[in-house]
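Engineer: What follows is coords_23.cif; its format and atoms are mmCIF, C-alpha atoms.
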```cif
data_entry
#
loop_
_atom_site.label_atom_id
_atom_site.label_comp_id
_atom_site.auth_asym_id
_atom_site.auth_seq_id
_atom_site.Cartn_x
_atom_site.Cartn_y
_atom_site.Cartn_z
CA MET X 1 -97.35 -60.94 -47.91
CA GLU X 2 -100.51 -59.56 -46.31
CA GLN X 3 -100.25 -56.17 -44.63
CA ALA X 4 -100.79 -57.68 -41.19
CA GLU X 5 -98.09 -60.26 -41.87
CA GLN X 6 -95.82 -57.53 -43.11
CA GLN X 7 -96.32 -55.52 -39.93
CA ALA X 8 -95.65 -58.62 -37.85
CA PHE X 9 -92.45 -59.22 -39.80
CA LEU X 10 -91.34 -55.60 -39.31
CA ALA X 11 -92.00 -55.86 -35.58
CA LEU X 12 -90.05 -59.09 -35.48
CA ILE X 13 -87.01 -57.54 -37.14
CA GLU X 14 -87.21 -54.53 -34.84
CA GLN X 15 -87.31 -56.81 -31.81
CA ASN X 16 -84.38 -58.89 -32.97
CA LYS X 17 -82.24 -56.31 -34.72
CA GLY X 18 -79.71 -56.42 -31.84
CA ILE X 19 -78.99 -60.07 -32.62
CA ILE X 20 -78.78 -59.38 -36.35
CA PHE X 21 -76.35 -56.47 -35.83
CA LYS X 22 -74.18 -58.48 -33.44
CA ILE X 23 -73.93 -61.32 -35.94
CA CYS X 24 -73.14 -58.86 -38.73
CA ASN X 25 -70.45 -57.11 -36.67
CA SER X 26 -68.87 -60.43 -35.79
CA TYR X 27 -68.65 -61.68 -39.36
CA CYS X 28 -67.89 -58.44 -41.25
CA LYS X 29 -65.32 -55.80 -40.52
CA ASP X 30 -66.28 -53.36 -43.20
CA ARG X 31 -69.33 -51.16 -42.63
CA ALA X 32 -70.72 -51.47 -46.16
CA ASP X 33 -70.24 -55.21 -46.01
CA ARG X 34 -72.07 -55.31 -42.68
CA GLU X 35 -75.04 -53.51 -44.20
CA ASP X 36 -75.04 -55.97 -47.09
CA LEU X 37 -75.09 -58.85 -44.65
CA ALA X 38 -77.86 -57.28 -42.53
CA GLN X 39 -79.94 -56.96 -45.69
CA GLU X 40 -79.21 -60.50 -46.69
CA ILE X 41 -80.15 -61.85 -43.26
CA ILE X 42 -83.42 -59.88 -43.17
CA TYR X 43 -84.16 -61.03 -46.71
CA GLN X 44 -83.47 -64.67 -45.83
CA LEU X 45 -85.66 -64.42 -42.72
CA TRP X 46 -88.45 -62.94 -44.80
CA LYS X 47 -88.03 -65.55 -47.52
CA SER X 48 -87.73 -68.51 -45.14
CA GLY X 49 -90.66 -67.40 -42.97
CA ASN X 50 -92.97 -69.96 -44.53
CA ARG X 51 -90.46 -72.69 -43.80
CA PHE X 52 -90.50 -71.97 -40.07
CA ASN X 53 -90.93 -75.29 -38.34
CA THR X 54 -93.05 -75.03 -35.21
CA ASP X 55 -91.13 -77.97 -33.70
CA TYR X 56 -88.35 -75.48 -32.99
CA LYS X 57 -88.34 -72.37 -30.86
CA PHE X 58 -88.62 -69.23 -32.95
CA THR X 59 -85.20 -67.98 -31.79
CA THR X 60 -83.57 -71.32 -32.71
CA TRP X 61 -84.91 -70.95 -36.24
CA MET X 62 -83.86 -67.30 -36.42
CA TYR X 63 -80.32 -67.96 -35.20
CA ARG X 64 -79.97 -70.79 -37.68
CA VAL X 65 -81.04 -68.65 -40.64
CA ALA X 66 -78.98 -65.63 -39.51
CA LEU X 67 -75.80 -67.59 -38.71
CA ASN X 68 -75.99 -69.73 -41.85
CA THR X 69 -76.41 -66.59 -43.95
CA ALA X 70 -73.51 -64.88 -42.14
CA ILE X 71 -71.14 -67.84 -42.52
CA SER X 72 -71.98 -68.28 -46.20
CA HIS X 73 -71.62 -64.53 -46.76
CA TYR X 74 -68.26 -64.56 -44.97
CA ARG X 75 -67.07 -67.44 -47.10
CA LYS X 76 -68.05 -65.86 -50.40
CA GLU X 77 -65.09 -64.48 -52.27
CA LYS X 78 -67.06 -61.61 -53.74
CA LYS X 79 -69.34 -59.45 -51.71
CA THR X 80 -73.05 -59.79 -52.36
CA ALA X 81 -73.19 -56.56 -54.30
CA GLU X 82 -75.62 -58.11 -56.76
CA LEU X 83 -78.38 -58.33 -54.21
CA ILE X 84 -78.03 -54.68 -53.35
CA SER X 85 -77.27 -53.11 -56.68
CA ILE X 86 -80.48 -54.31 -58.31
CA ASP X 87 -82.39 -52.87 -55.44
CA ASP X 88 -81.48 -49.18 -55.67
CA HIS X 89 -82.95 -49.07 -52.23
CA PRO X 90 -80.33 -50.13 -49.72
CA LEU X 91 -81.06 -50.61 -46.06
CA GLU X 92 -79.82 -47.61 -44.09
CA ILE X 93 -78.54 -48.36 -40.64
CA GLU X 94 -77.82 -45.51 -38.26
CA ASP X 95 -74.58 -45.52 -36.28
CA SER X 96 -74.90 -46.78 -32.76
CA VAL X 97 -74.34 -44.50 -29.78
CA ASP X 98 -71.08 -44.77 -27.86
CA THR X 99 -71.17 -45.94 -24.25
CA GLY X 100 -68.50 -45.10 -21.66
CA HIS X 101 -64.82 -45.26 -22.59
CA GLU X 102 -63.90 -48.27 -20.48
CA THR X 103 -66.86 -50.33 -21.70
CA GLN X 104 -66.05 -49.24 -25.22
CA VAL X 105 -62.50 -50.55 -24.86
CA GLN X 106 -63.75 -53.87 -23.47
CA ILE X 107 -66.29 -54.22 -26.28
CA ALA X 108 -63.54 -53.54 -28.80
CA GLN X 109 -61.28 -56.14 -27.15
CA LEU X 110 -64.06 -58.70 -27.13
CA ASN X 111 -64.88 -58.02 -30.78
CA GLN X 112 -61.21 -58.29 -31.65
CA PHE X 113 -61.08 -61.69 -30.02
CA ILE X 114 -64.29 -62.86 -31.74
CA ASP X 115 -62.83 -61.70 -35.02
CA GLN X 116 -59.87 -64.07 -34.62
CA LEU X 117 -62.08 -67.14 -34.16
CA LYS X 118 -62.98 -69.57 -36.92
CA GLU X 119 -66.51 -69.25 -38.36
CA LEU X 120 -68.02 -72.12 -36.36
CA ASP X 121 -66.32 -71.20 -33.07
CA LYS X 122 -67.51 -67.65 -33.61
CA ALA X 123 -71.11 -68.90 -33.88
CA LEU X 124 -70.63 -70.92 -30.67
CA LEU X 125 -69.30 -67.97 -28.69
CA LEU X 126 -72.02 -65.63 -29.98
CA LEU X 127 -74.73 -68.04 -28.84
CA TYR X 128 -73.01 -68.51 -25.49
CA LEU X 129 -72.84 -64.75 -24.95
CA GLU X 130 -76.51 -64.57 -25.89
CA GLU X 131 -77.03 -66.80 -22.85
CA LYS X 132 -78.47 -69.70 -24.80
CA SER X 133 -78.51 -73.03 -22.99
CA HIS X 134 -76.01 -75.65 -24.13
CA ALA X 135 -78.90 -77.77 -25.37
CA GLU X 136 -80.22 -74.92 -27.52
CA ILE X 137 -76.73 -74.14 -28.84
CA ALA X 138 -76.34 -77.82 -29.74
CA GLU X 139 -79.63 -77.70 -31.63
CA ILE X 140 -78.73 -74.54 -33.53
CA ILE X 141 -75.21 -75.64 -34.42
CA GLY X 142 -75.96 -79.33 -34.93
CA ILE X 143 -73.42 -80.94 -32.58
CA SER X 144 -73.74 -82.81 -29.29
CA VAL X 145 -74.32 -80.99 -25.98
CA SER X 146 -71.08 -82.38 -24.53
CA ASN X 147 -69.18 -81.11 -27.57
CA VAL X 148 -70.74 -77.66 -27.03
CA SER X 149 -69.63 -77.62 -23.37
CA THR X 150 -66.07 -78.66 -24.12
CA ARG X 151 -65.66 -76.20 -26.98
CA ILE X 152 -67.16 -73.29 -25.04
CA ASN X 153 -64.87 -73.97 -22.09
CA ARG X 154 -61.89 -74.04 -24.41
CA ILE X 155 -62.87 -70.73 -26.08
CA LYS X 156 -63.51 -69.11 -22.68
CA THR X 157 -60.10 -70.16 -21.38
CA THR X 158 -58.38 -68.62 -24.40
CA LEU X 159 -60.55 -65.53 -24.07
CA LYS X 160 -59.62 -65.08 -20.39
CA GLN X 161 -55.94 -65.53 -21.19
CA ASN X 162 -56.20 -62.92 -23.95
CA PHE X 163 -57.95 -60.43 -21.68
CA SER X 164 -55.43 -60.94 -18.88
CA ALA X 165 -52.53 -60.50 -21.30
CA ILE X 166 -54.00 -57.25 -22.67
CA ASN X 167 -54.87 -55.83 -19.26
CA LYS X 168 -51.56 -56.65 -17.54
CA MET T 1 -62.34 -61.70 -17.08
CA GLU T 2 -65.00 -63.79 -15.38
CA ASP T 3 -68.17 -65.14 -16.95
CA MET T 4 -70.42 -62.47 -15.49
CA GLU T 5 -68.11 -59.68 -16.50
CA LEU T 6 -67.91 -61.09 -20.00
CA LYS T 7 -71.66 -61.28 -20.32
CA ASN T 8 -71.99 -57.73 -18.94
CA VAL T 9 -69.66 -56.43 -21.63
CA TRP T 10 -71.81 -58.24 -24.18
CA LYS T 11 -74.96 -56.71 -22.65
CA SER T 12 -73.51 -53.20 -22.94
CA TYR T 13 -72.68 -53.99 -26.53
CA GLU T 14 -76.26 -55.14 -27.07
CA ASN T 15 -77.61 -51.94 -25.51
CA GLN T 16 -75.36 -49.93 -27.75
CA LEU T 17 -76.60 -51.78 -30.83
CA GLU T 18 -80.23 -51.56 -29.73
CA GLN T 19 -79.91 -47.82 -30.08
CA ALA T 20 -78.90 -48.13 -33.69
CA ARG T 21 -81.97 -47.77 -35.82
CA ILE T 22 -82.72 -49.17 -39.22
CA LEU T 23 -83.88 -45.92 -40.78
CA ASN T 24 -85.87 -47.28 -43.68
CA LEU T 25 -86.91 -50.79 -42.68
CA GLN T 26 -90.58 -50.37 -43.60
CA SER T 27 -89.98 -49.02 -47.09
CA TRP T 28 -87.17 -51.52 -47.61
CA VAL T 29 -89.48 -54.45 -46.82
CA LEU T 30 -92.17 -52.95 -49.08
CA ASN T 31 -89.61 -52.72 -51.81
CA LEU T 32 -88.60 -56.29 -51.18
CA GLU T 33 -92.22 -57.30 -51.61
CA THR T 34 -92.67 -55.63 -54.96
CA LYS T 35 -89.48 -57.03 -56.35
CA GLN T 36 -89.88 -60.44 -54.80
CA SER T 37 -89.33 -62.50 -57.91
CA VAL T 38 -86.25 -60.53 -59.01
CA GLN T 39 -84.79 -60.56 -55.53
CA LEU T 40 -85.42 -64.23 -55.11
CA MET T 41 -83.65 -64.92 -58.34
CA LYS T 42 -80.72 -62.64 -57.59
CA ALA T 43 -80.23 -63.76 -54.02
CA LYS T 44 -79.86 -67.33 -55.14
CA THR T 45 -77.69 -66.42 -58.10
CA LYS T 46 -74.54 -68.14 -56.95
CA LEU T 47 -76.21 -71.47 -56.29
CA ASN T 48 -78.39 -71.08 -59.36
CA ARG T 49 -75.29 -70.51 -61.46
CA LEU T 50 -73.84 -73.71 -60.05
CA ALA T 51 -77.11 -75.56 -60.74
CA ARG T 52 -77.15 -74.22 -64.31
CA LEU T 53 -73.53 -75.26 -64.88
CA LYS T 54 -74.23 -78.73 -63.55
CA SER T 55 -77.39 -79.02 -65.65
CA TRP T 56 -75.30 -78.18 -68.71
CA MET T 57 -72.78 -80.83 -67.70
CA VAL T 58 -75.64 -83.34 -67.55
CA VAL T 59 -76.67 -82.36 -71.10
CA ALA T 60 -73.05 -82.53 -72.34
CA GLY T 61 -72.60 -85.89 -70.59
CA ILE T 62 -75.74 -87.31 -72.22
CA ALA T 63 -74.56 -86.06 -75.65
CA TRP T 64 -71.15 -87.71 -75.07
CA ILE T 65 -72.85 -90.97 -74.04
CA ALA T 66 -75.05 -90.86 -77.15
CA ALA T 67 -72.02 -90.32 -79.41
CA LEU T 68 -70.14 -93.20 -77.80
CA LEU T 69 -73.17 -95.49 -77.99
CA PHE T 70 -73.46 -94.66 -81.69
CA LEU T 71 -69.82 -95.71 -82.18
CA ILE T 72 -70.33 -98.88 -80.14
CA LEU T 73 -73.43 -99.94 -82.05
CA ASN T 74 -71.61 -99.44 -85.32
CA SER T 75 -68.62 -101.51 -84.20
CA LEU T 76 -70.24 -104.68 -82.97
CA GLU T 77 -67.74 -107.08 -84.51
CA TRP T 78 -65.54 -109.72 -82.94
CA LYS T 79 -62.35 -108.07 -84.22
CA LYS T 80 -63.32 -104.77 -82.55
CA LEU T 81 -63.98 -106.44 -79.19
CA PHE T 82 -61.49 -104.30 -77.24
CA PHE T 83 -62.72 -101.11 -78.86
CA VAL T 84 -66.32 -101.93 -77.94
CA LEU T 85 -65.43 -103.02 -74.40
CA SER T 86 -63.28 -99.94 -73.74
CA LEU T 87 -65.94 -97.57 -75.01
CA SER T 88 -68.60 -99.38 -73.01
CA MET T 89 -66.60 -98.88 -69.82
CA ILE T 90 -66.12 -95.18 -70.65
CA VAL T 91 -69.90 -94.91 -71.20
CA LEU T 92 -70.47 -96.57 -67.84
CA PHE T 93 -68.27 -94.09 -65.96
CA THR T 94 -69.80 -91.16 -67.83
CA ILE T 95 -73.27 -92.38 -66.79
CA VAL T 96 -72.10 -92.49 -63.16
CA ALA T 97 -70.74 -88.93 -63.50
CA VAL T 98 -74.04 -87.72 -65.01
CA VAL T 99 -75.99 -89.33 -62.16
CA VAL T 100 -73.68 -87.60 -59.63
CA TYR T 101 -74.31 -84.26 -61.37
CA ILE T 102 -78.09 -84.84 -61.22
CA TYR T 103 -77.71 -85.58 -57.50
CA HIS T 104 -75.81 -82.28 -57.07
CA VAL T 105 -78.57 -80.31 -58.81
CA ARG T 106 -81.08 -81.87 -56.41
CA LEU T 107 -78.76 -81.05 -53.48
CA ILE T 108 -78.64 -77.39 -54.53
CA ARG T 109 -82.42 -77.27 -54.51
CA SER T 110 -82.51 -78.80 -51.04
CA ILE T 111 -80.24 -76.28 -49.32
CA ASP T 112 -82.17 -74.71 -46.49
CA ASN T 113 -80.78 -71.95 -44.27
CA SER T 114 -82.94 -73.01 -41.37
CA GLU T 115 -81.13 -76.33 -41.00
CA SER T 116 -78.50 -76.61 -38.28
CA ILE T 117 -75.30 -74.68 -39.02
CA VAL T 118 -73.19 -77.81 -39.43
CA GLU T 119 -75.74 -79.49 -41.71
CA ALA T 120 -76.31 -76.48 -43.99
CA GLN T 121 -72.65 -75.48 -44.20
CA GLU T 122 -71.60 -79.06 -44.84
CA LYS T 123 -74.05 -79.28 -47.76
CA THR T 124 -72.81 -75.99 -49.22
CA ALA T 125 -69.13 -76.91 -48.86
CA LYS T 126 -69.82 -80.37 -50.28
CA LEU T 127 -71.47 -78.79 -53.30
CA GLN T 128 -68.66 -76.32 -53.82
CA SER T 129 -66.14 -79.13 -53.77
CA SER T 130 -68.32 -81.51 -55.79
CA SER T 131 -66.46 -80.93 -59.06
CA LEU T 132 -63.60 -82.86 -57.54
CA GLN T 133 -65.89 -85.79 -56.76
CA VAL T 134 -66.77 -86.05 -60.44
CA VAL T 135 -63.10 -85.66 -61.46
CA ARG T 136 -62.14 -88.64 -59.30
CA ILE T 137 -64.89 -90.77 -60.86
CA LEU T 138 -63.78 -89.74 -64.34
CA PHE T 139 -60.16 -90.66 -63.50
CA LEU T 140 -61.38 -94.26 -63.25
CA GLN T 141 -61.98 -94.41 -66.98
CA MET T 142 -58.34 -93.53 -67.75
CA PRO T 143 -57.12 -97.13 -68.35
CA PHE T 144 -59.79 -97.67 -70.99
CA TYR T 145 -58.28 -94.93 -73.13
CA THR T 146 -55.21 -97.19 -73.35
CA THR T 147 -57.08 -100.36 -74.35
CA TRP T 148 -59.47 -99.34 -77.14
CA PHE T 149 -56.83 -100.00 -79.85
CA TYR T 150 -55.90 -103.48 -78.56
CA THR T 151 -56.47 -106.29 -81.01
CA TRP T 152 -57.32 -109.91 -80.36
CA ASN T 153 -54.14 -110.98 -82.12
CA GLN T 154 -51.91 -108.86 -79.85
CA VAL T 155 -53.39 -110.53 -76.79
CA THR T 156 -53.34 -114.12 -78.01
CA GLU T 157 -49.97 -114.02 -79.74
CA PRO T 158 -46.66 -113.40 -78.03
CA ASP T 159 -46.19 -109.87 -79.41
CA PRO T 160 -43.29 -108.34 -77.40
CA ARG T 161 -44.33 -104.75 -78.17
CA PHE T 162 -47.73 -105.42 -76.66
CA TRP T 163 -46.53 -107.33 -73.56
CA LEU T 164 -43.58 -105.04 -72.87
CA ILE T 165 -45.09 -101.64 -73.71
CA SER T 166 -48.89 -101.44 -74.17
CA PHE T 167 -49.94 -103.83 -71.44
CA PRO T 168 -47.63 -102.39 -68.71
CA ILE T 169 -48.89 -98.90 -69.64
CA THR T 170 -52.48 -100.08 -69.12
CA LEU T 171 -51.56 -101.69 -65.80
CA PHE T 172 -49.88 -98.48 -64.72
CA PHE T 173 -53.03 -96.49 -65.56
CA VAL T 174 -55.21 -99.00 -63.70
CA TYR T 175 -53.07 -98.55 -60.60
CA LEU T 176 -52.90 -94.75 -61.02
CA SER T 177 -56.65 -94.31 -61.56
CA LEU T 178 -57.51 -96.46 -58.54
CA TRP T 179 -54.95 -94.67 -56.42
CA LEU T 180 -56.30 -91.25 -57.46
CA TYR T 181 -59.87 -92.38 -56.86
CA ARG T 182 -59.00 -93.45 -53.32
CA ASN T 183 -56.81 -90.48 -52.48
CA ILE T 184 -58.56 -87.46 -54.00
CA ASN T 185 -60.43 -86.32 -50.92
CA TYR T 186 -60.25 -83.46 -48.47
CA LYS T 187 -58.05 -85.40 -46.05
CA ASN T 188 -55.18 -85.08 -48.53
CA ILE T 189 -55.76 -81.47 -49.42
CA ASN T 190 -52.47 -80.39 -47.84
CA LYS T 191 -50.34 -83.03 -49.55
CA ARG T 192 -47.84 -81.79 -52.08
CA TRP T 193 -49.06 -84.04 -54.95
CA PHE T 194 -52.62 -82.83 -54.37
CA ARG T 195 -51.61 -79.18 -54.54
CA PHE T 196 -49.56 -79.90 -57.64
CA LEU T 197 -52.47 -81.66 -59.37
CA PHE T 198 -55.07 -79.05 -58.49
CA ASN T 199 -53.06 -75.91 -58.81
CA GLY T 200 -54.77 -72.95 -60.45
CA PRO T 201 -57.35 -70.24 -59.82
CA GLU T 202 -60.27 -72.43 -60.94
CA TRP T 203 -59.48 -74.85 -58.11
CA THR T 204 -59.04 -72.21 -55.37
CA PRO T 205 -62.72 -72.01 -54.27
CA ILE T 206 -62.94 -75.79 -54.41
CA MET T 207 -59.84 -76.14 -52.21
CA LYS T 208 -61.24 -73.59 -49.76
CA ALA T 209 -64.54 -75.45 -49.59
CA MET T 210 -62.64 -78.69 -49.00
CA SER T 211 -60.60 -77.26 -46.18
CA PHE T 212 -63.83 -75.93 -44.66
CA MET T 213 -65.27 -79.44 -44.89
CA GLN T 214 -62.21 -80.66 -43.01
CA GLU T 215 -62.86 -77.96 -40.40
CA ILE T 216 -66.51 -79.04 -40.08
CA GLU T 217 -65.46 -82.68 -39.64
CA GLU T 218 -63.08 -81.67 -36.84
CA PHE T 219 -65.76 -79.50 -35.30
CA LYS T 220 -68.30 -82.34 -35.25
CA LYS T 221 -65.96 -84.63 -33.35
CA ASN T 222 -66.56 -84.87 -29.64
CA VAL T 223 -63.43 -83.36 -28.12
#
```
What do you get writing this file as C-alpha cells?
Structural biologist:
Amino acid sequence: MEQAEQQAFLALIEQNKGIIFKICNSYCKDRADREDLAQEIIYQLWKSGNRFNTDYKFTTWMYRVALNTAISHYRKEKKTAELISIDDHPLEIEDSVDTGHETQVQIAQLNQFIDQLKELDKALLLLYLEEKSHAEIAEIIGISVSNVSTRINRIKTTLKQNFSAINK
Amino acid sequence: MEDMELKNVWKSYENQLEQARILNLQSWVLNLETKQSVQLMKAKTKLNRLARLKSWMVVAGIAWIAALLFLILNSLEWKKLFFVLSLSMIVLFTIVAVVVYIYHVRLIRSIDNSESIVEAQEKTAKLQSSSLQVVRILFLQMPFYTTWFYTWNQVTEPDPRFWLISFPITLFFVYLSLWLYRNINYKNINKRWFRFLFNGPEWTPIMKAMSFMQEIEEFKKNV
C-alpha cells in the first residue's frame, strides 16, 4: 500500500470508527472480544479495499464487509485469538466517555434489546438506526425492500413493547 | 418509545462512541502492512483449513477410485459380473463425491465479504454443513456393498437363502439409502432420527451451520 493510500485508509477508518464500534458492541459482549472483532473488521476492510465495486455506494460496501465479518466472528466457536496473537501489536481502543445518566440507561436498554435479536435481525436494526433507506438496507442485506419494511416494523413493535414494559 | 426518540438514543450512543479513540491505529496499520502475507494467511486460517481438508479428501477419493478400478480391471469375467457391477457403482458415487469436494474448494475460494449479508452467510453456512451433503451422496452406494458377492447362479436358480435373505437385505438398503438421501437436509435437523444419526461433537458445528441456513431461508422469505 502506498503511503498516500495508507493515509486515505487511516482517514477512512477514523471517519467510520463509530459504525465499526457500534457493530462490534452489538455482536460482542466481552471487551477483549470486541477489540478482536474491531481488528478483524479493519483488517477485512483493508484487505478487501481492492475489491471495492464502484457500482455500490462506499457505505454499502463497508457495511457489507463489517457486518459479514461480525456475523462470521459471532458464529465462530473459538475467538479469533490467532489473528491477534501472531501480531504482538493489538489494536488499543480507549474507553468511551459517559453521557448523562438517563441517556446512559436508555442506551443500555437499547443495547440489551439488540443483544437479544438474531444475527440477521440485529444487522437490520443496526442499519435502520443508522438511518439507511429501506432500499439501501435491502441491498446490503440481500433481501427485498418489502421484506425489509415488514421485518423492521416487526422489530420496532417488539422494541416499543419492551421499552414500555421496562419503563412502566 | 417513538421512532425519533429511538434514533436520538442511537445518536447519543454514536456521539459517545465517536469520543472513543483508537490509540494506535497508524502503527497498527503499518504493522499490518509489513506482516501482510502472514496476516492474510492467518486471517483465512479457518477456511483454509477446511479447503486443505477437502483437498485431502479429493486425494483420498482419487486413491480409493484408483484402487477400485484396479480391482475391477482384474476381475473382468462373466462369473464376477456382480462384483464388477457393484464396484463400478461404488466408483461412480465416489467420483460424484470427489466432484462435490472440488466444488466446495472452489466455493471456499469464492467467499467474498463484500457480497450481501444473506449471500455471503449462506455460502459460509453451506460450506460448513457441506460434509453432510457428501455423506448423503455416499449413503447411496450402501446397497452395492450388499451385492458384490452375488453370483449368477444365485440369481438364476431358485436359491431360498438368496431370495429370502440376501435379496430382501439389498432391497432394504436400496430403500434406506434413497430415504436418507432425500431426508438428510436442514429441514429435518430437529427430527429425532436426525439427531440420533448425527449425534457427537464432530457434528455440532455442522448442525449449527444447518440451523443457521434454516434461519437464512426463513429470513429471505417475504413475510
Engineer: Translate the PyMOL selection byres ((chain X and resi 107-122) around 10), as applied to the file shown, into an explicit residue set as a PDB file with C-alpha atoms, in the coordinates of the input.
Structural biologist:
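Saved to result_34.pdb:
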```
ATOM      1  CA  LYS X  22     -74.180 -58.480 -33.440  1.00  0.00           C
ATOM      2  CA  ILE X  23     -73.930 -61.320 -35.940  1.00  0.00           C
ATOM      3  CA  ASN X  25     -70.450 -57.110 -36.670  1.00  0.00           C
ATOM      4  CA  SER X  26     -68.870 -60.430 -35.790  1.00  0.00           C
ATOM      5  CA  TYR X  27     -68.650 -61.680 -39.360  1.00  0.00           C
ATOM      6  CA  CYS X  28     -67.890 -58.440 -41.250  1.00  0.00           C
ATOM      7  CA  LYS X  29     -65.320 -55.800 -40.520  1.00  0.00           C
ATOM      8  CA  LEU X  67     -75.800 -67.590 -38.710  1.00  0.00           C
ATOM      9  CA  ASN X  68     -75.990 -69.730 -41.850  1.00  0.00           C
ATOM     10  CA  ALA X  70     -73.510 -64.880 -42.140  1.00  0.00           C
ATOM     11  CA  ILE X  71     -71.140 -67.840 -42.520  1.00  0.00           C
ATOM     12  CA  SER X  72     -71.980 -68.280 -46.200  1.00  0.00           C
ATOM     13  CA  TYR X  74     -68.260 -64.560 -44.970  1.00  0.00           C
ATOM     14  CA  ARG X  75     -67.070 -67.440 -47.100  1.00  0.00           C
ATOM     15  CA  THR X  99     -71.170 -45.940 -24.250  1.00  0.00           C
ATOM     16  CA  HIS X 101     -64.820 -45.260 -22.590  1.00  0.00           C
ATOM     17  CA  GLU X 102     -63.900 -48.270 -20.480  1.00  0.00           C
ATOM     18  CA  THR X 103     -66.860 -50.330 -21.700  1.00  0.00           C
ATOM     19  CA  GLN X 104     -66.050 -49.240 -25.220  1.00  0.00           C
ATOM     20  CA  VAL X 105     -62.500 -50.550 -24.860  1.00  0.00           C
ATOM     21  CA  GLN X 106     -63.750 -53.870 -23.470  1.00  0.00           C
ATOM     22  CA  ALA X 123     -71.110 -68.900 -33.880  1.00  0.00           C
ATOM     23  CA  LEU X 124     -70.630 -70.920 -30.670  1.00  0.00           C
ATOM     24  CA  LEU X 125     -69.300 -67.970 -28.690  1.00  0.00           C
ATOM     25  CA  LEU X 126     -72.020 -65.630 -29.980  1.00  0.00           C
ATOM     26  CA  LEU X 127     -74.730 -68.040 -28.840  1.00  0.00           C
ATOM     27  CA  TYR X 128     -73.010 -68.510 -25.490  1.00  0.00           C
ATOM     28  CA  ILE X 141     -75.210 -75.640 -34.420  1.00  0.00           C
ATOM     29  CA  VAL X 148     -70.740 -77.660 -27.030  1.00  0.00           C
ATOM     30  CA  ARG X 151     -65.660 -76.200 -26.980  1.00  0.00           C
ATOM     31  CA  ILE X 152     -67.160 -73.290 -25.040  1.00  0.00           C
ATOM     32  CA  ILE X 155     -62.870 -70.730 -26.080  1.00  0.00           C
ATOM     33  CA  THR X 158     -58.380 -68.620 -24.400  1.00  0.00           C
ATOM     34  CA  LEU X 159     -60.550 -65.530 -24.070  1.00  0.00           C
ATOM     35  CA  ASN X 162     -56.200 -62.920 -23.950  1.00  0.00           C
ATOM     36  CA  PHE X 163     -57.950 -60.430 -21.680  1.00  0.00           C
ATOM     37  CA  ILE X 166     -54.000 -57.250 -22.670  1.00  0.00           C
TER      38      ILE X 166
ATOM     39  CA  LEU T   6     -67.910 -61.090 -20.000  1.00  0.00           C
ATOM     40  CA  ASN T   8     -71.990 -57.730 -18.940  1.00  0.00           C
ATOM     41  CA  VAL T   9     -69.660 -56.430 -21.630  1.00  0.00           C
ATOM     42  CA  TRP T  10     -71.810 -58.240 -24.180  1.00  0.00           C
ATOM     43  CA  LYS T  11     -74.960 -56.710 -22.650  1.00  0.00           C
ATOM     44  CA  SER T  12     -73.510 -53.200 -22.940  1.00  0.00           C
ATOM     45  CA  TYR T  13     -72.680 -53.990 -26.530  1.00  0.00           C
ATOM     46  CA  ILE T 117     -75.300 -74.680 -39.020  1.00  0.00           C
ATOM     47  CA  VAL T 118     -73.190 -77.810 -39.430  1.00  0.00           C
ATOM     48  CA  GLN T 121     -72.650 -75.480 -44.200  1.00  0.00           C
ATOM     49  CA  PHE T 212     -63.830 -75.930 -44.660  1.00  0.00           C
ATOM     50  CA  GLU T 215     -62.860 -77.960 -40.400  1.00  0.00           C
ATOM     51  CA  ILE T 216     -66.510 -79.040 -40.080  1.00  0.00           C
ATOM     52  CA  PHE T 219     -65.760 -79.500 -35.300  1.00  0.00           C
TER      53      PHE T 219
END
```
Engineer: Between CA of Ser177 in chain T and CA of Trp203 in chain T, what is the distance, to one decimal in Å?
Structural biologist: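 Computing the Euclidean distance for CA of Ser177 in chain T and CA of Trp203 in chain T yields 20.0 Å.
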Engineer: So that I can see what lies close to range 73-84 of chain T, please list as a VMD selection string the residues with an atom at most 9 Å from it, counting all atoms listed in the file and leaving out residues fewer than 6 positions away in the same chain.
Structural biologist: chain T and resid 147 to 153
Engineer: What gap, in Å, lies between CA of Asn185 in chain T and CA of Leu140 in chain T?
Structural biologist: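 Going from CA of Asn185 in chain T over to CA of Leu140 in chain T covers 14.7 Å.
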Engineer: Quick one: residues within 10 Å of Leu176 in chain T, all atoms listed in the file counted, chain neighbours fewer than 4 positions away excluded, as a PyMOL selection string?
Structural biologist: chain T and resi 139-140+142-143+170-172+180-182
Engineer: How far is it from CA of Leu37 in chain X to CA of Lys220 in chain T, in Å with one decimal?
Structural biologist: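 Interatomic distance, CA of Leu37 in chain X to CA of Lys220 in chain T: 26.2 Å.
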